[in-house]
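Shown here: final02.cif, mmCIF, C-alpha atoms, pLDDT in the B column; chains and numbers go by the auth columns.
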```
data_start
#
loop_
_atom_site.group_PDB
_atom_site.id
_atom_site.type_symbol
_atom_site.label_atom_id
_atom_site.label_comp_id
_atom_site.label_asym_id
_atom_site.label_seq_id
_atom_site.Cartn_x
_atom_site.Cartn_y
_atom_site.Cartn_z
_atom_site.B_iso_or_equiv
_atom_site.auth_seq_id
_atom_site.auth_asym_id
ATOM 1 C CA MET A 1 13.647 7.329 -33.766 50.00 1 A
ATOM 2 C CA ARG A 2 12.483 9.945 -31.252 52.00 2 A
ATOM 3 C CA ILE A 3 9.251 8.123 -30.563 53.00 3 A
ATOM 4 C CA LEU A 4 11.131 4.865 -30.031 47.00 4 A
ATOM 5 C CA PHE A 5 13.304 6.618 -27.421 48.00 5 A
ATOM 6 C CA LEU A 6 10.246 8.061 -25.647 47.00 6 A
ATOM 7 C CA VAL A 7 8.402 4.736 -25.634 50.00 7 A
ATOM 8 C CA ALA A 8 11.485 3.011 -24.186 50.00 8 A
ATOM 9 C CA PHE A 9 11.966 5.721 -21.512 50.00 9 A
ATOM 10 C CA LEU A 10 8.341 5.987 -20.343 50.00 10 A
ATOM 11 C CA PRO A 11 8.120 2.668 -18.441 52.00 11 A
ATOM 12 C CA CYS A 12 11.363 3.444 -16.583 49.00 12 A
ATOM 13 C CA ALA A 13 10.151 6.878 -15.537 44.00 13 A
ATOM 14 C CA ALA A 14 6.900 5.474 -14.100 47.00 14 A
ATOM 15 C CA PHE A 15 8.672 3.611 -11.269 47.00 15 A
ATOM 16 C CA ALA A 16 10.466 6.564 -9.703 42.00 16 A
ATOM 17 C CA GLN A 17 8.549 6.813 -6.421 58.00 17 A
ATOM 18 C CA GLY A 18 5.835 5.028 -4.486 82.00 18 A
ATOM 19 C CA THR A 19 4.442 3.395 -1.430 93.00 19 A
ATOM 20 C CA VAL A 20 4.877 -0.033 0.102 94.00 20 A
ATOM 21 C CA LEU A 21 1.887 -2.396 0.352 95.00 21 A
ATOM 22 C CA PHE A 22 1.895 -5.045 3.100 96.00 22 A
ATOM 23 C CA THR A 23 -0.421 -8.042 2.606 96.00 23 A
ATOM 24 C CA TRP A 24 -1.363 -10.696 5.182 97.00 24 A
ATOM 25 C CA HIS A 25 -0.988 -14.421 4.428 97.00 25 A
ATOM 26 C CA GLY A 26 -2.516 -16.399 7.263 96.00 26 A
ATOM 27 C CA ASP A 27 -1.860 -20.072 7.875 96.00 27 A
ATOM 28 C CA SER A 28 -5.621 -20.789 7.781 94.00 28 A
ATOM 29 C CA ASN A 29 -6.777 -17.933 5.524 94.00 29 A
ATOM 30 C CA LEU A 30 -9.121 -16.673 8.239 95.00 30 A
ATOM 31 C CA PHE A 31 -8.256 -13.001 7.873 97.00 31 A
ATOM 32 C CA GLN A 32 -7.650 -10.721 4.920 97.00 32 A
ATOM 33 C CA ALA A 33 -5.504 -7.742 5.888 97.00 33 A
ATOM 34 C CA SER A 34 -3.325 -5.069 4.352 96.00 34 A
ATOM 35 C CA PHE A 35 -1.808 -1.673 4.998 95.00 35 A
ATOM 36 C CA GLU A 36 0.513 0.775 3.261 95.00 36 A
ATOM 37 C CA VAL A 37 3.457 2.898 4.319 95.00 37 A
ATOM 38 C CA THR A 38 5.352 5.540 2.417 93.00 38 A
ATOM 39 C CA ALA A 39 8.726 4.724 0.891 92.00 39 A
ATOM 40 C CA PRO A 40 10.598 6.999 3.363 93.00 40 A
ATOM 41 C CA GLU A 41 8.996 5.046 6.241 95.00 41 A
ATOM 42 C CA MET A 42 10.924 1.962 5.081 94.00 42 A
ATOM 43 C CA GLN A 43 14.273 3.597 5.900 95.00 43 A
ATOM 44 C CA PRO A 44 16.244 2.352 8.950 96.00 44 A
ATOM 45 C CA GLY A 45 14.981 3.953 12.166 96.00 45 A
ATOM 46 C CA ALA A 46 11.766 5.257 10.597 96.00 46 A
ATOM 47 C CA VAL A 47 8.514 5.158 12.563 96.00 47 A
ATOM 48 C CA TRP A 48 5.240 4.331 10.841 95.00 48 A
ATOM 49 C CA ASN A 49 2.948 7.161 11.830 89.00 49 A
ATOM 50 C CA SER A 50 1.898 8.708 8.528 91.00 50 A
ATOM 51 C CA LEU A 51 -1.725 9.324 7.666 91.00 51 A
ATOM 52 C CA LEU A 52 -1.338 6.747 4.884 93.00 52 A
ATOM 53 C CA PHE A 53 -0.291 4.049 7.366 94.00 53 A
ATOM 54 C CA LEU A 54 -3.039 4.828 9.871 91.00 54 A
ATOM 55 C CA SER A 55 -5.842 5.162 7.324 92.00 55 A
ATOM 56 C CA SER A 56 -4.880 2.233 5.088 94.00 56 A
ATOM 57 C CA MET A 57 -5.017 -0.419 7.829 95.00 57 A
ATOM 58 C CA SER A 58 -7.759 -2.852 6.845 95.00 58 A
ATOM 59 C CA VAL A 59 -8.738 -6.260 8.246 96.00 59 A
ATOM 60 C CA THR A 60 -11.643 -8.517 7.286 96.00 60 A
ATOM 61 C CA ASN A 61 -12.591 -11.347 9.639 95.00 61 A
ATOM 62 C CA PRO A 62 -13.820 -14.833 8.599 94.00 62 A
ATOM 63 C CA LEU A 63 -17.473 -13.696 8.736 94.00 63 A
ATOM 64 C CA GLY A 64 -16.828 -10.775 6.390 94.00 64 A
ATOM 65 C CA PHE A 65 -16.887 -7.958 8.958 94.00 65 A
ATOM 66 C CA SER A 66 -14.296 -5.281 8.238 94.00 66 A
ATOM 67 C CA TYR A 67 -12.145 -3.157 10.492 95.00 67 A
ATOM 68 C CA HIS A 68 -10.527 -0.016 9.132 92.00 68 A
ATOM 69 C CA GLY A 69 -7.880 2.270 10.584 90.00 69 A
ATOM 70 C CA GLY A 70 -7.797 6.012 10.543 83.00 70 A
ATOM 71 C CA ASP A 71 -10.441 6.866 13.119 77.00 71 A
ATOM 72 C CA SER A 72 -10.506 7.221 16.892 74.00 72 A
ATOM 73 C CA SER A 73 -11.262 3.520 17.360 79.00 73 A
ATOM 74 C CA SER A 74 -7.875 2.446 16.042 86.00 74 A
ATOM 75 C CA LEU A 75 -4.456 2.742 17.598 88.00 75 A
ATOM 76 C CA GLY A 76 -1.075 1.381 16.751 90.00 76 A
ATOM 77 C CA GLY A 77 2.270 1.852 15.215 92.00 77 A
ATOM 78 C CA GLY A 78 5.284 0.246 13.746 95.00 78 A
ATOM 79 C CA GLY A 79 8.506 1.028 12.027 96.00 79 A
ATOM 80 C CA VAL A 80 11.914 -0.183 10.969 96.00 80 A
ATOM 81 C CA TYR A 81 14.617 -0.944 13.519 95.00 81 A
ATOM 82 C CA PRO A 82 17.553 1.518 13.510 95.00 82 A
ATOM 83 C CA ASP A 83 19.942 -1.068 12.109 94.00 83 A
ATOM 84 C CA GLY A 84 17.517 -1.667 9.219 90.00 84 A
ATOM 85 C CA SER A 85 17.450 -5.396 9.882 90.00 85 A
ATOM 86 C CA THR A 86 13.674 -5.769 10.046 94.00 86 A
ATOM 87 C CA TRP A 87 10.379 -4.044 10.785 95.00 87 A
ATOM 88 C CA TYR A 88 7.815 -4.303 13.600 96.00 88 A
ATOM 89 C CA LEU A 89 4.061 -3.733 13.916 95.00 89 A
ATOM 90 C CA SER A 90 1.497 -3.532 16.711 95.00 90 A
ATOM 91 C CA PHE A 91 -2.032 -2.353 15.937 95.00 91 A
ATOM 92 C CA GLN A 92 -5.524 -2.584 17.427 95.00 92 A
ATOM 93 C CA LEU A 93 -8.796 -1.910 15.617 95.00 93 A
ATOM 94 C CA ASN A 94 -12.050 -1.672 17.598 94.00 94 A
ATOM 95 C CA ASP A 95 -15.659 -2.170 16.547 92.00 95 A
ATOM 96 C CA TYR A 96 -17.761 -0.670 19.342 91.00 96 A
ATOM 97 C CA SER A 97 -21.060 -1.576 17.679 91.00 97 A
ATOM 98 C CA ARG A 98 -20.256 -5.293 17.945 91.00 98 A
ATOM 99 C CA GLY A 99 -18.030 -5.087 21.045 93.00 99 A
ATOM 100 C CA THR A 100 -15.044 -6.670 19.281 95.00 100 A
ATOM 101 C CA GLU A 101 -11.439 -5.815 18.537 95.00 101 A
ATOM 102 C CA VAL A 102 -8.766 -7.061 16.175 96.00 102 A
ATOM 103 C CA ARG A 103 -5.119 -7.048 17.215 96.00 103 A
ATOM 104 C CA LEU A 104 -2.240 -7.314 14.790 96.00 104 A
ATOM 105 C CA ALA A 105 1.356 -7.964 15.737 95.00 105 A
ATOM 106 C CA GLY A 106 4.324 -8.590 13.536 93.00 106 A
ATOM 107 C CA GLN A 107 8.057 -8.518 13.296 93.00 107 A
ATOM 108 C CA GLY A 108 10.249 -9.423 10.357 88.00 108 A
ATOM 109 C CA ASN A 109 7.405 -10.704 8.176 82.00 109 A
ATOM 110 C CA GLN A 110 6.059 -13.063 10.881 93.00 110 A
ATOM 111 C CA GLY A 111 2.858 -12.099 12.621 96.00 111 A
ATOM 112 C CA LEU A 112 -0.354 -12.841 14.447 96.00 112 A
ATOM 113 C CA ILE A 113 -3.898 -11.573 14.038 97.00 113 A
ATOM 114 C CA SER A 114 -6.569 -12.206 16.652 96.00 114 A
ATOM 115 C CA GLU A 115 -10.160 -11.090 17.048 97.00 115 A
ATOM 116 C CA LYS A 116 -11.886 -11.111 20.408 96.00 116 A
ATOM 117 C CA THR A 117 -14.715 -9.535 22.314 95.00 117 A
ATOM 118 C CA PHE A 118 -13.723 -6.666 24.594 93.00 118 A
ATOM 119 C CA SER A 119 -14.148 -8.760 27.718 87.00 119 A
ATOM 120 C CA GLY A 120 -13.814 -12.305 26.444 88.00 120 A
ATOM 121 C CA PRO A 121 -11.529 -14.852 24.882 91.00 121 A
ATOM 122 C CA ASP A 122 -10.289 -14.949 21.292 91.00 122 A
ATOM 123 C CA LEU A 123 -12.949 -15.553 18.673 94.00 123 A
ATOM 124 C CA TYR A 124 -10.389 -16.156 15.942 95.00 124 A
ATOM 125 C CA PHE A 125 -6.614 -16.446 16.105 95.00 125 A
ATOM 126 C CA GLU A 126 -4.262 -16.879 13.179 97.00 126 A
ATOM 127 C CA PRO A 127 -0.479 -16.947 12.824 97.00 127 A
ATOM 128 C CA GLY A 128 0.968 -16.117 9.438 97.00 128 A
ATOM 129 C CA TYR A 129 3.301 -13.776 7.648 96.00 129 A
ATOM 130 C CA TRP A 130 3.316 -10.420 5.906 95.00 130 A
ATOM 131 C CA SER A 131 4.635 -9.909 2.409 94.00 131 A
ATOM 132 C CA TYR A 132 5.362 -6.470 1.036 92.00 132 A
ATOM 133 C CA ALA A 133 5.933 -4.945 -2.357 92.00 133 A
ATOM 134 C CA PHE A 134 6.757 -1.473 -3.586 90.00 134 A
ATOM 135 C CA VAL A 135 3.785 0.050 -5.408 86.00 135 A
ATOM 136 C CA PRO A 136 4.894 2.186 -8.337 78.00 136 A
ATOM 137 C CA GLU A 137 3.380 5.607 -8.803 69.00 137 A
ATOM 138 C CA PRO A 138 3.905 7.868 -11.763 67.00 138 A
ATOM 139 C CA SER A 139 6.657 10.394 -11.211 63.00 139 A
ATOM 140 C CA THR A 140 6.864 13.945 -12.491 64.00 140 A
ATOM 141 C CA GLY A 141 9.349 12.680 -15.064 62.00 141 A
ATOM 142 C CA ALA A 142 6.793 10.187 -16.355 62.00 142 A
ATOM 143 C CA PHE A 143 4.167 12.899 -16.790 62.00 143 A
ATOM 144 C CA ILE A 144 6.640 15.186 -18.571 72.00 144 A
ATOM 145 C CA THR A 145 7.722 12.340 -20.833 71.00 145 A
ATOM 146 C CA LEU A 146 4.097 11.553 -21.667 65.00 146 A
ATOM 147 C CA GLY A 147 3.436 15.223 -22.454 72.00 147 A
ATOM 148 C CA VAL A 148 6.463 15.419 -24.742 73.00 148 A
ATOM 149 C CA ALA A 149 5.370 12.205 -26.484 71.00 149 A
ATOM 150 C CA VAL A 150 1.854 13.575 -27.091 69.00 150 A
ATOM 151 C CA LEU A 151 3.262 16.881 -28.354 68.00 151 A
ATOM 152 C CA GLY A 152 5.650 15.026 -30.688 69.00 152 A
ATOM 153 C CA TRP A 153 2.841 12.814 -31.998 62.00 153 A
ATOM 154 C CA ARG A 154 0.659 15.846 -32.623 68.00 154 A
ATOM 155 C CA ARG A 155 3.409 17.641 -34.554 67.00 155 A
ATOM 156 C CA PHE A 156 4.024 14.482 -36.584 62.00 156 A
ATOM 157 C CA ARG A 157 0.317 14.274 -37.490 63.00 157 A
ATOM 158 C CA ILE A 158 0.200 17.951 -38.479 63.00 158 A
ATOM 159 C CA ARG A 159 3.257 17.588 -40.744 67.00 159 A
ATOM 160 C CA SER A 160 2.033 14.388 -42.345 65.00 160 A
ATOM 161 C CA THR A 161 -1.518 15.630 -43.083 67.00 161 A
ATOM 162 C CA GLY A 162 -0.696 19.276 -43.770 63.00 162 A
ATOM 163 C CA ALA A 163 -3.750 20.375 -41.816 58.00 163 A
ATOM 164 C CA ARG A 164 -3.848 22.151 -38.503 58.00 164 A
ATOM 165 C CA ARG A 165 -6.537 21.097 -36.022 56.00 165 A
ATOM 166 C CA PHE A 166 -7.600 22.930 -32.912 55.00 166 A
#
```
Would you write the structure of this file as C-alpha cells?
Amino acid sequence: MRILFLVAFLPCAAFAQGTVLFTWHGDSNLFQASFEVTAPEMQPGAVWNSLLFLSSMSVTNPLGFSYHGGDSSSLGGGGVYPDGSTWYLSFQLNDYSRGTEVRLAGQGNQGLISEKTFSGPDLYFEPGYWSYAFVPEPSTGAFITLGVAVLGWRRFRIRSTGARRF
C-alpha cells in the first residue's frame, strides 16, 4: 500500500516548479525560434531580464544560420504588462561575421521576425505567433519522494530475501 501511495504521489510532485518555453510558429515556416523565461517572470508587471531569457534566445533562418542570445551582440527585453493582460517582446540578434541581424517583436502571442543586412532591406520577413508552455522541472519534494521510495524498496528487498547487501 505504501508503494502505491508513493507511485501515485511522485508524478504530482514533479510539476511543482519550472520555466516557460516560448516557441515561434511562422505563417511561412521561414524561421525556427524559441526562448525561455522563469515562472516568476510570467507574473503581472514582471520584466524579462533574467540570464535564462537572454541566453536562451535562439533563431534559425531559412538557410540554416543560427542566432543565439546571451552575448554582447544581442539586446532586447520583454515582460508582462502590469495588469497581467498580455506580454510583450522586442529583441535583436546580430551576426557581425555575415553583417546581418534578426529582429523579433511580439505582443500577446502575435509577432514578427525579420532578418536583414545591417545597411540594407529585409532578407526575410515573417509574421506569425508565439505559443508558450510551462516546462516542468523536478522539485525538492519529487527528489525526496524518490529517495523515500528507493529506501522503502530496499528495505522490502532485505526483508523478503533475508540477506543484507552493501
Could the centre and edge lengths of an axis-aligned box, enclosing all atoms of region 56-61 of chain A in the file with 5 Å extra on each side, be given in Å to one decimal as JSON?
```
{"center_x": -8.7, "center_y": -4.6, "center_z": 7.4, "size_x": 17.7, "size_y": 23.6, "size_z": 14.6}
```
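Note that CA of Ala39 (chain A) and CA of Val135 (chain A) are 9.3 Å apart.
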Check what the PyMOL selection byres ((chain A and resi 92-103) around 12) selects in the file above and give those residues as a CSV table (one decimal) with C-alpha atoms, in the coordinates of the input.
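In the end it all went to selection-v6.csv:
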```csv
chain,number,residue,atom,x,y,z
A,31,PHE,CA,-8.3,-13.0,7.9
A,32,GLN,CA,-7.6,-10.7,4.9
A,33,ALA,CA,-5.5,-7.7,5.9
A,54,LEU,CA,-3.0,4.8,9.9
A,55,SER,CA,-5.8,5.2,7.3
A,56,SER,CA,-4.9,2.2,5.1
A,57,MET,CA,-5.0,-0.4,7.8
A,58,SER,CA,-7.8,-2.9,6.8
A,59,VAL,CA,-8.7,-6.3,8.2
A,60,THR,CA,-11.6,-8.5,7.3
A,61,ASN,CA,-12.6,-11.3,9.6
A,62,PRO,CA,-13.8,-14.8,8.6
A,65,PHE,CA,-16.9,-8.0,9.0
A,66,SER,CA,-14.3,-5.3,8.2
A,67,TYR,CA,-12.1,-3.2,10.5
A,68,HIS,CA,-10.5,0.0,9.1
A,69,GLY,CA,-7.9,2.3,10.6
A,70,GLY,CA,-7.8,6.0,10.5
A,71,ASP,CA,-10.4,6.9,13.1
A,72,SER,CA,-10.5,7.2,16.9
A,73,SER,CA,-11.3,3.5,17.4
A,74,SER,CA,-7.9,2.4,16.0
A,75,LEU,CA,-4.5,2.7,17.6
A,76,GLY,CA,-1.1,1.4,16.8
A,77,GLY,CA,2.3,1.9,15.2
A,78,GLY,CA,5.3,0.2,13.7
A,89,LEU,CA,4.1,-3.7,13.9
A,90,SER,CA,1.5,-3.5,16.7
A,91,PHE,CA,-2.0,-2.4,15.9
A,104,LEU,CA,-2.2,-7.3,14.8
A,105,ALA,CA,1.4,-8.0,15.7
A,106,GLY,CA,4.3,-8.6,13.5
A,111,GLY,CA,2.9,-12.1,12.6
A,112,LEU,CA,-0.4,-12.8,14.4
A,113,ILE,CA,-3.9,-11.6,14.0
A,114,SER,CA,-6.6,-12.2,16.7
A,115,GLU,CA,-10.2,-11.1,17.0
A,116,LYS,CA,-11.9,-11.1,20.4
A,117,THR,CA,-14.7,-9.5,22.3
A,118,PHE,CA,-13.7,-6.7,24.6
A,119,SER,CA,-14.1,-8.8,27.7
A,120,GLY,CA,-13.8,-12.3,26.4
A,121,PRO,CA,-11.5,-14.9,24.9
A,122,ASP,CA,-10.3,-14.9,21.3
A,123,LEU,CA,-12.9,-15.6,18.7
A,124,TYR,CA,-10.4,-16.2,15.9
A,125,PHE,CA,-6.6,-16.4,16.1
A,126,GLU,CA,-4.3,-16.9,13.2
A,127,PRO,CA,-0.5,-16.9,12.8
```
I'd like to see the residues matched by the PyMOL selection byres ((chain A and resi 38) around 12) on this file, and ideally I'd get them as a ChimeraX atom specification. /A:17-22,35-37,39-43,46-54,56,79,133-137
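CA of Ser85 (chain A) to CA of Pro44 (chain A) spans 7.9 Å [interatomic distance, one decimal].
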By how many Å are CA of Ser28 (chain A) and CA of Leu63 (chain A) apart? 13.8 Å
Selected residue of minimal separation from Asp27 (chain A) among A:Gly64, A:Trp130, A:Gly45, A:Asp83, counting all atoms listed in the file: A:Trp130
Mind listing whatever residues come within 9 Å of the point (17.4, -7.2, 9.1)? Use all atoms listed in the file, file coordinates, and give them as a VMD selection string. chain A and resid 81 83 to 87 108
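When only C-alpha atoms are used to compute distances to Ser131 (chain A), the closest of the residues A:Ala149, A:Tyr88, A:Asn109, A:Gly26 turns out to be A:Asn109.
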Taking N, CA, C and O atoms as the atom set, what does region 50-61 of chain A look like once completed, written as a compact mmCIF listing (two decimals), keeping the file's coordinate frame?
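result_3.txt written:
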```
# COMPACT_ATOMS: atom_id res chain seq x y z
N SER A 50 2.48 7.85 9.55
CA SER A 50 1.90 8.71 8.53
C SER A 50 0.39 8.48 8.45
O SER A 50 -0.14 7.45 8.88
N LEU A 51 -0.29 9.45 7.88
CA LEU A 51 -1.72 9.32 7.67
C LEU A 51 -2.02 8.13 6.75
O LEU A 51 -3.01 7.43 6.94
N LEU A 52 -1.15 7.90 5.77
CA LEU A 52 -1.34 6.75 4.88
C LEU A 52 -1.34 5.45 5.68
O LEU A 52 -2.22 4.60 5.50
N PHE A 53 -0.37 5.27 6.56
CA PHE A 53 -0.29 4.05 7.37
C PHE A 53 -1.53 3.89 8.23
O PHE A 53 -2.17 2.83 8.24
N LEU A 54 -1.91 4.92 8.94
CA LEU A 54 -3.04 4.83 9.87
C LEU A 54 -4.36 4.61 9.15
O LEU A 54 -5.21 3.85 9.62
N SER A 55 -4.56 5.27 8.02
CA SER A 55 -5.84 5.16 7.32
C SER A 55 -5.94 3.95 6.40
O SER A 55 -7.04 3.56 6.01
N SER A 56 -4.83 3.36 6.03
CA SER A 56 -4.88 2.23 5.09
C SER A 56 -5.02 0.88 5.78
O SER A 56 -5.25 -0.13 5.11
N MET A 57 -4.90 0.84 7.10
CA MET A 57 -5.02 -0.42 7.83
C MET A 57 -6.41 -0.99 7.61
O MET A 57 -7.42 -0.33 7.86
N SER A 58 -6.48 -2.22 7.15
CA SER A 58 -7.76 -2.85 6.84
C SER A 58 -7.68 -4.34 7.15
O SER A 58 -6.74 -5.01 6.72
N VAL A 59 -8.67 -4.84 7.90
CA VAL A 59 -8.74 -6.26 8.25
C VAL A 59 -10.17 -6.73 8.05
O VAL A 59 -11.11 -6.06 8.46
N THR A 60 -10.34 -7.89 7.43
CA THR A 60 -11.64 -8.52 7.29
C THR A 60 -11.59 -9.86 7.99
O THR A 60 -10.69 -10.66 7.75
N ASN A 61 -12.58 -10.10 8.87
CA ASN A 61 -12.59 -11.35 9.64
C ASN A 61 -13.25 -12.47 8.83
O ASN A 61 -13.76 -12.24 7.73
```
